[in-house]
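Peer 1: Just passing along the structure, written as structure tokens.
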Amino acid sequence: MEFDAIYASYEDGIDTTGQDEGKPQKRRGRRCLVLKTVCLGLICVLLLVFITLYITITAERDLLKSYKNTAEEFNHTINSLQDNYTDLMSEKDQLKNSFNSLSQKKLELETRVNDLSVEKGQLQRSVESLSQKKLELETRVASLSEELTKVFKEGYQCSLDGFFMSNKPMSWSESRQFCRDRGADLIIINTEEKQRCISSFKERVWIGLSDIENEGNLKWVDNSTLIQGFWTEGEPNDDKGIEDCVEIRYSCSSSNLNNWNDLPCSEKRKGICEK
Ligand code: 289
Ligand code: CA
Ligand code: CA
């Protein structure tokens with residue numbers, strides 16, 4: 001139904017006063033008011049729709065923005081994880097290479113240790129066998145020394161028993177140790193018979209007399225004091241203050257029984273051992 005018709009019937013119903021003057025003008029005014037109201041209502045509705053749409057769109061846009069941010073963060077995290085993974089893989093490869101190289105070295109070392117163990121065993125056996133040979137040779141030398149001594153004794157009518165000469169020139173202490181290792185000690189000459197016998201050896205040899213412990217106080221190796229000495233003239237003179245051990249100084253030009261001399265203990269002489 002059209003507006004004019006609606007308003008006409010409405011006006012007809014209301015106006016009962018019978019006053020028809022100015023009716024069209026009033027009608028137009030009312031129509032205009034209604035139209036304005038309707039337009040305003042429409043504007044309000046449109047405004048409401050617009051505001052609603054604006055709010056919805058803004059919310060959607062914010063949501064999208066937040067999704068976008070989250071997606072970017074995910075991407076960033078994924079990239080960083082990817083990098084970490086790549087680094088870890090490379091590290092793993094390096095460790096694997098190191099492990100392989102160390103395993104190889106370990107194997108080589110184990111082989112070397114085994115070889116060395118075998119070598120050590122062989123050397124130990126050699127040392128044992130050489131020690132045994134050395135002992136046998138030392139025993140042989142001692143026995144030869146003893147034999148030699150006997151020959152000397154026989155040659156020079158020496159009737160002493162149980163003494164022998166060390167196998168090579170050594171210091172006084174080493175010579176003494178040689179004797180002690182064989183159950184003897186350097187000889188103590190406390191009789192003229194012994195002195196005569198040893199003097200016939202035609203060698204410069206150590207005897208068991210020294211003043212190592214107390215300068216000027218000569219003692220035999222059994223700690224007994226010297227009673228009768230067979231000193232060369234002018235001896236003992238402790239030459240340069242360093243002569244503390246006594247030798248028999250053989251001299252082919254002299255058959256003199258007085259042939260002892262004090263000498264630095266580090267000098268090398270054979271020693272006469274006595275059991
Ligand atoms: O180092 C000195 C010794 O060889 C001897 O030299 C001389 O023969 C004398 O002085 C000895 O007393 C000394 O022991
Ligand atoms: Ca001395
Ligand atoms: Ca001297």
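Note on naming: chains are A, B, ... as they come in the structure tokens, residues start from 1 per chain, ligands start from 1 in the order shown.
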If you take only C-alpha atoms and all ligand atoms and a cut-off of 8 Å, which residues of chain A touch ligand 1, and what are their nearest atom pairs and distances in Å to one decimal, in chain and number order, as JSON lines?
Peer 2:
{"residue": "A:Gly234", "atom": "CA", "partner": "ligand 1", "partner_atom_place_in_ligand_line": "12 (O)", "distance": 7.4}
{"residue": "A:Glu235", "atom": "CA", "partner": "ligand 1", "partner_atom_place_in_ligand_line": "12 (O)", "distance": 6.0}
{"residue": "A:Pro236", "atom": "CA", "partner": "ligand 1", "partner_atom_place_in_ligand_line": "12 (O)", "distance": 6.6}
{"residue": "A:Asn237", "atom": "CA", "partner": "ligand 1", "partner_atom_place_in_ligand_line": "12 (O)", "distance": 5.5}
{"residue": "A:Asp238", "atom": "CA", "partner": "ligand 1", "partner_atom_place_in_ligand_line": "12 (O)", "distance": 6.8}
{"residue": "A:Asp239", "atom": "CA", "partner": "ligand 1", "partner_atom_place_in_ligand_line": "12 (O)", "distance": 5.5}
{"residue": "A:Lys240", "atom": "CA", "partner": "ligand 1", "partner_atom_place_in_ligand_line": "1 (O)", "distance": 8.0}
{"residue": "A:Glu243", "atom": "CA", "partner": "ligand 1", "partner_atom_place_in_ligand_line": "14 (O)", "distance": 6.7}
{"residue": "A:Asn261", "atom": "CA", "partner": "ligand 1", "partner_atom_place_in_ligand_line": "14 (O)", "distance": 5.9}
{"residue": "A:Asp262", "atom": "CA", "partner": "ligand 1", "partner_atom_place_in_ligand_line": "14 (O)", "distance": 5.3}
{"residue": "A:Leu263", "atom": "CA", "partner": "ligand 1", "partner_atom_place_in_ligand_line": "14 (O)", "distance": 4.5}
{"residue": "A:Pro264", "atom": "CA", "partner": "ligand 1", "partner_atom_place_in_ligand_line": "1 (O)", "distance": 6.7}
Peer 1: Just want the 9 Å neighbourhood of A:Ala184, counted on only C-alpha atoms, with same-chain residues fewer than 6 positions away dropped. Output as a list of chain:residue names.
Peer 2: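 The residues that qualify are A:Gly162, A:Phe163, A:Arg176, A:Phe178, A:Cys273, A:Glu274, A:Lys275.
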Peer 1: Within 7 Å of ligand 2 (counting only C-alpha atoms and all ligand atoms), which residues show up? I'd like them as a PyMOL selection string.
Peer 2: chain A and resi 211-212+215-216+238+241-244+262
Peer 1: As an MDAnalysis selection string, please: all residues of stretch 60-207 of chain A that backbone DSSP puts in helix (DSSP H, G or I).
Peer 2: chainID A and resid 60:155 172:181 192:199
Peer 1: Write out as a list in words all residues of stretch 89-205 of chain A that backbone DSSP assigns to strand (DSSP E or B).
Peer 2: Phe163, Phe164, Met165, Met170, Asp185, Leu186 and Val205 of chain A
Peer 1: Take the residues that were just selected and, keeping all heavy atoms, output them as a PDB file, in the first residue's frame.
Peer 2:
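Output file again-v4.pdb follows:
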ATOM      1  N   PHE A 163     142.345 -67.776  50.826  1.00  0.00           N
ATOM      2  CA  PHE A 163     142.336 -66.408  50.313  1.00  0.00           C
ATOM      3  C   PHE A 163     142.481 -66.398  48.792  1.00  0.00           C
ATOM      4  O   PHE A 163     142.973 -67.339  48.196  1.00  0.00           O
ATOM      5  CB  PHE A 163     143.373 -65.522  51.007  1.00  0.00           C
ATOM      6  CG  PHE A 163     144.789 -65.851  50.685  1.00  0.00           C
ATOM      7  CD1 PHE A 163     145.452 -65.189  49.653  1.00  0.00           C
ATOM      8  CD2 PHE A 163     145.486 -66.817  51.419  1.00  0.00           C
ATOM      9  CE1 PHE A 163     146.762 -65.498  49.365  1.00  0.00           C
ATOM     10  CE2 PHE A 163     146.797 -67.128  51.116  1.00  0.00           C
ATOM     11  CZ  PHE A 163     147.446 -66.467  50.089  1.00  0.00           C
ATOM     12  N   PHE A 164     141.965 -65.329  48.194  1.00  0.00           N
ATOM     13  CA  PHE A 164     141.971 -65.209  46.725  1.00  0.00           C
ATOM     14  C   PHE A 164     141.980 -63.735  46.331  1.00  0.00           C
ATOM     15  O   PHE A 164     141.700 -62.866  47.158  1.00  0.00           O
ATOM     16  CB  PHE A 164     140.758 -65.924  46.101  1.00  0.00           C
ATOM     17  CG  PHE A 164     139.443 -65.523  46.684  1.00  0.00           C
ATOM     18  CD1 PHE A 164     138.690 -64.503  46.100  1.00  0.00           C
ATOM     19  CD2 PHE A 164     138.929 -66.132  47.828  1.00  0.00           C
ATOM     20  CE1 PHE A 164     137.467 -64.128  46.634  1.00  0.00           C
ATOM     21  CE2 PHE A 164     137.720 -65.751  48.371  1.00  0.00           C
ATOM     22  CZ  PHE A 164     136.983 -64.752  47.782  1.00  0.00           C
ATOM     23  N   MET A 165     142.276 -63.530  45.047  1.00  0.00           N
ATOM     24  CA  MET A 165     142.384 -62.147  44.563  1.00  0.00           C
ATOM     25  C   MET A 165     141.143 -61.775  43.750  1.00  0.00           C
ATOM     26  O   MET A 165     140.571 -62.630  43.073  1.00  0.00           O
ATOM     27  CB  MET A 165     143.618 -62.053  43.666  1.00  0.00           C
ATOM     28  CG  MET A 165     144.120 -60.638  43.531  1.00  0.00           C
ATOM     29  SD  MET A 165     145.474 -60.570  42.373  1.00  0.00           S
ATOM     30  CE  MET A 165     146.715 -61.562  43.141  1.00  0.00           C
ATOM     31  N   MET A 170     139.668 -52.325  41.253  1.00  0.00           N
ATOM     32  CA  MET A 170     138.481 -51.561  41.682  1.00  0.00           C
ATOM     33  C   MET A 170     138.897 -50.655  42.835  1.00  0.00           C
ATOM     34  O   MET A 170     140.001 -50.790  43.368  1.00  0.00           O
ATOM     35  CB  MET A 170     137.382 -52.513  42.179  1.00  0.00           C
ATOM     36  CG  MET A 170     136.752 -53.368  41.094  1.00  0.00           C
ATOM     37  SD  MET A 170     135.535 -54.503  41.746  1.00  0.00           S
ATOM     38  CE  MET A 170     136.537 -55.898  42.175  1.00  0.00           C
ATOM     39  N   ASP A 185     136.445 -61.270  53.207  1.00  0.00           N
ATOM     40  CA  ASP A 185     136.662 -59.822  53.378  1.00  0.00           C
ATOM     41  C   ASP A 185     138.103 -59.544  52.964  1.00  0.00           C
ATOM     42  O   ASP A 185     138.887 -60.497  52.739  1.00  0.00           O
ATOM     43  CB  ASP A 185     136.416 -59.415  54.843  1.00  0.00           C
ATOM     44  CG  ASP A 185     135.931 -57.961  54.934  1.00  0.00           C
ATOM     45  OD1 ASP A 185     136.257 -57.175  54.013  1.00  0.00           O
ATOM     46  OD2 ASP A 185     135.233 -57.618  55.902  1.00  0.00           O
ATOM     47  N   LEU A 186     138.441 -58.270  52.849  1.00  0.00           N
ATOM     48  CA  LEU A 186     139.834 -57.958  52.500  1.00  0.00           C
ATOM     49  C   LEU A 186     140.768 -58.526  53.590  1.00  0.00           C
ATOM     50  O   LEU A 186     140.405 -58.567  54.773  1.00  0.00           O
ATOM     51  CB  LEU A 186     140.015 -56.447  52.368  1.00  0.00           C
ATOM     52  CG  LEU A 186     139.458 -55.818  51.075  1.00  0.00           C
ATOM     53  CD1 LEU A 186     139.531 -54.295  51.143  1.00  0.00           C
ATOM     54  CD2 LEU A 186     140.210 -56.329  49.845  1.00  0.00           C
ATOM     55  N   VAL A 205     148.189 -54.397  45.462  1.00  0.00           N
ATOM     56  CA  VAL A 205     146.850 -54.889  45.850  1.00  0.00           C
ATOM     57  C   VAL A 205     146.367 -54.201  47.130  1.00  0.00           C
ATOM     58  O   VAL A 205     147.166 -53.765  47.958  1.00  0.00           O
ATOM     59  CB  VAL A 205     146.877 -56.430  46.088  1.00  0.00           C
ATOM     60  CG1 VAL A 205     147.011 -57.182  44.796  1.00  0.00           C
ATOM     61  CG2 VAL A 205     147.981 -56.804  47.074  1.00  0.00           C
TER      62      VAL A 205
END
Peer 1: Would you list the contacts of A:Gln228 as a ChimeraX atom specification, taking every protein, DNA or RNA residue within 8 Å and counting only C-alpha atoms, but skipping same-chain residues closer than 2 positions in sequence?
Peer 2: /A:190,226,230
